[in-house]
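Here's the structure we're looking at; comments come further down.
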Amino acid sequence: MADQYSDPVTRRNRYSKLQGQLWTDRSSFDAHWRDLGDFFQPRRMRWSASDRNRGDKRNQNIINSTGRYAARTLQSGLHAGLTSPARPWMKLTIPDQDLSEFGAVREWLHVVTTRMMTILGVSNVYNVLPTVYGDLGVFGTAAMFLGDDPQDLARATAYPIGSYALGTDARGVVSTFVREYELTVRQVIELFGLKENGRDIDWSNLSKTVKHLWDSGDYESTVEVCWLVKPNEEHRRDRLEARFLPFASCHWEKGSSEAQFLRESGFRNFPIMAPRWDITGEDSYGTDCPGMTSLGDNKQLQIMERRHGQALNKMVDPPLVGPTSMRTQKTSLLAGDVNYVDVREGMQSLRAVHEIRIDLSHLGENIRAVEQRINRAFFADLFLMMANSDPYRGASPTTAREIEERHEEKLLALGPVLERTNDELLDPLVDRLFNMMDNAGLLPPPPPEIEGADLKVEYISILAQAQKLVGVAATDRFVGTIAPMLEVFPEMRNKIDSNRVVNGYADMLGIDPRIIISDEQADAATAAQQQQQAGAAQAEQAALVAKSAKDASQAQLGTNSALDRVVEGFGG
């Protein structure tokens, strides 16, 4: 296998052919994406590498910006609900729940999670994720790259729709990515031409065109570059070189007749996160999303808004008709101005061609209904439920029960897409960041109890915890029902594992694991308390016996005391 693909010319031809095939497979989505971009996000499209740094007007189709606001609300709501930088949204754990509660294991998992959150905070990941959520909601497909960075360890990039193509493996998971983009000659030299000393230029991988532009001083001239990431046919577990890693990564100059690559490297895991809102069968791209659902409504809204403006314009500035004698006379329609007209028989002054009496209230109601449908498609009413129920805005105060029910409604509506987002965006993101930290030596040595064990990600974001609130409500009801019964049936205490109740509550509420002590420490503390209570009870019993003995020894007979009567009773 390795010999078959060892020739660079052969690989370059195969990769170029693969790029063309992926571009052809994607072409059927282009027209739909153009419509979505024109009406929701005009500047998130890039159909050719030359679209870089173009500031032309692209929002000519948007008159009413409700759709743009709804898309912005969705991306902000998903970012705050899934990956908020203001609070922890994930934690590492292991499948064995009992082992995960072991003190050393739990501490190691918490330390690693904290370090990962710190790296995410100092990198630009939180700046890129909202863009990814926006593309996901409008176009149904998004793409993000997480790569190494010499300063922040990790750096993310979100790619505009139209600039890349995707391919999936037999499991339906995105495993192939190709992109066309534009770099200046200076950037090409910095990325692919500098030697290890960072000063000298290695021209062996660069084309003659780039060298000529550099020598002539055209540093800002542009070069089109192709980048392909795919499963590596030459992958070998016994080789550590980048060329033999599980995923191959190749850059080359598009249109260059020379066969060399700008760079050949590889990745241990797929560096592209390509979430899709919903898919149909074996499709590589998302086939449904809020933007696709509400595209017709958004188009209708623009037409209705245009007609509304035309009606207002005719009412304010109607077309006029007047006598021919006024053709050469200067006419003014300014407020307070005077037009002099000689009114004769059969002649009259200026007047409207037709009376404009349009009832715009019904049109306004229809516009508001369409806007509401667009907001519902983007879940804006759910993400803004607290803002919309603000009593200072005239709305009635929302009760705790209403908020809880609205949370359940949000989960019903967003549940499927949240699961897909976890699977195609957040899981790969956390896995790649963990591997990057491991390669950089930023992970502490794991305890021997989990040596070689698989790790899993547990999400504790606002939306993830809202999904768990159903379990919290059930536990609350169970504990509230059992607690009064313990006074009548104290033996029921033996049916409840208090440690598991507390651990379950903490897990569902996302409590910092350092607040909850381990089961071993809790059991030891309980045993010590029971021993202390038993000792105190024995001491109290001994004191009572001693007091009784003392009282009996000091009792006097012959005074008709209780002791006298007892003695008399025995004597009788």
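Residues in the structure tokens are named by chain (A, B, ... in the order shown) and by number from 1 within that chain; ligands are numbered from 1 in the order shown.
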Taking the chain letters and numbering used in this document, name the residues of segment 165-388 of chain A that DSSP puts in helix (DSSP H, G or I), as an NGL selection string. :A and (185-193 or 203-205 or 208-215 or 242-244 or 290-316 or 324-326 or 360-377 or 380-383 or 385-388)
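The environment of Leu136 of chain A within 9 Å, counting only C-alpha atoms and disregarding residues fewer than 3 places along the same chain, consists of Gln75, Thr131, Val132, Tyr133, Phe139, Gly140, Thr141, Ala142, Ala143, Pro275, Arg276, Trp277, Gly286, Cys289, Pro290 and Gly291 of chain A.
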Assign secondary structure with DSSP using the backbone only, and return the residues of segment 103-342 of chain A in strand (DSSP E or B) as number ranges by chain. A: 141, 144-149, 153-158, 161, 164-168, 174-184, 194, 201, 222-231, 247-253, 263-267, 272-273, 276, 320-321
Point out the residue among A:Leu312, A:Leu74, A:Leu486, A:Val9 with the least atom-to-atom distance to Arg376 of chain A, counting only C-alpha atoms. A:Leu74
Name all residues at most 10 Å from Pro444 of chain A (count only C-alpha atoms; drop same-chain ones fewer than 4 positions away) and give them as a PyMOL selection string. chain A and resi 108-109+111-112+438
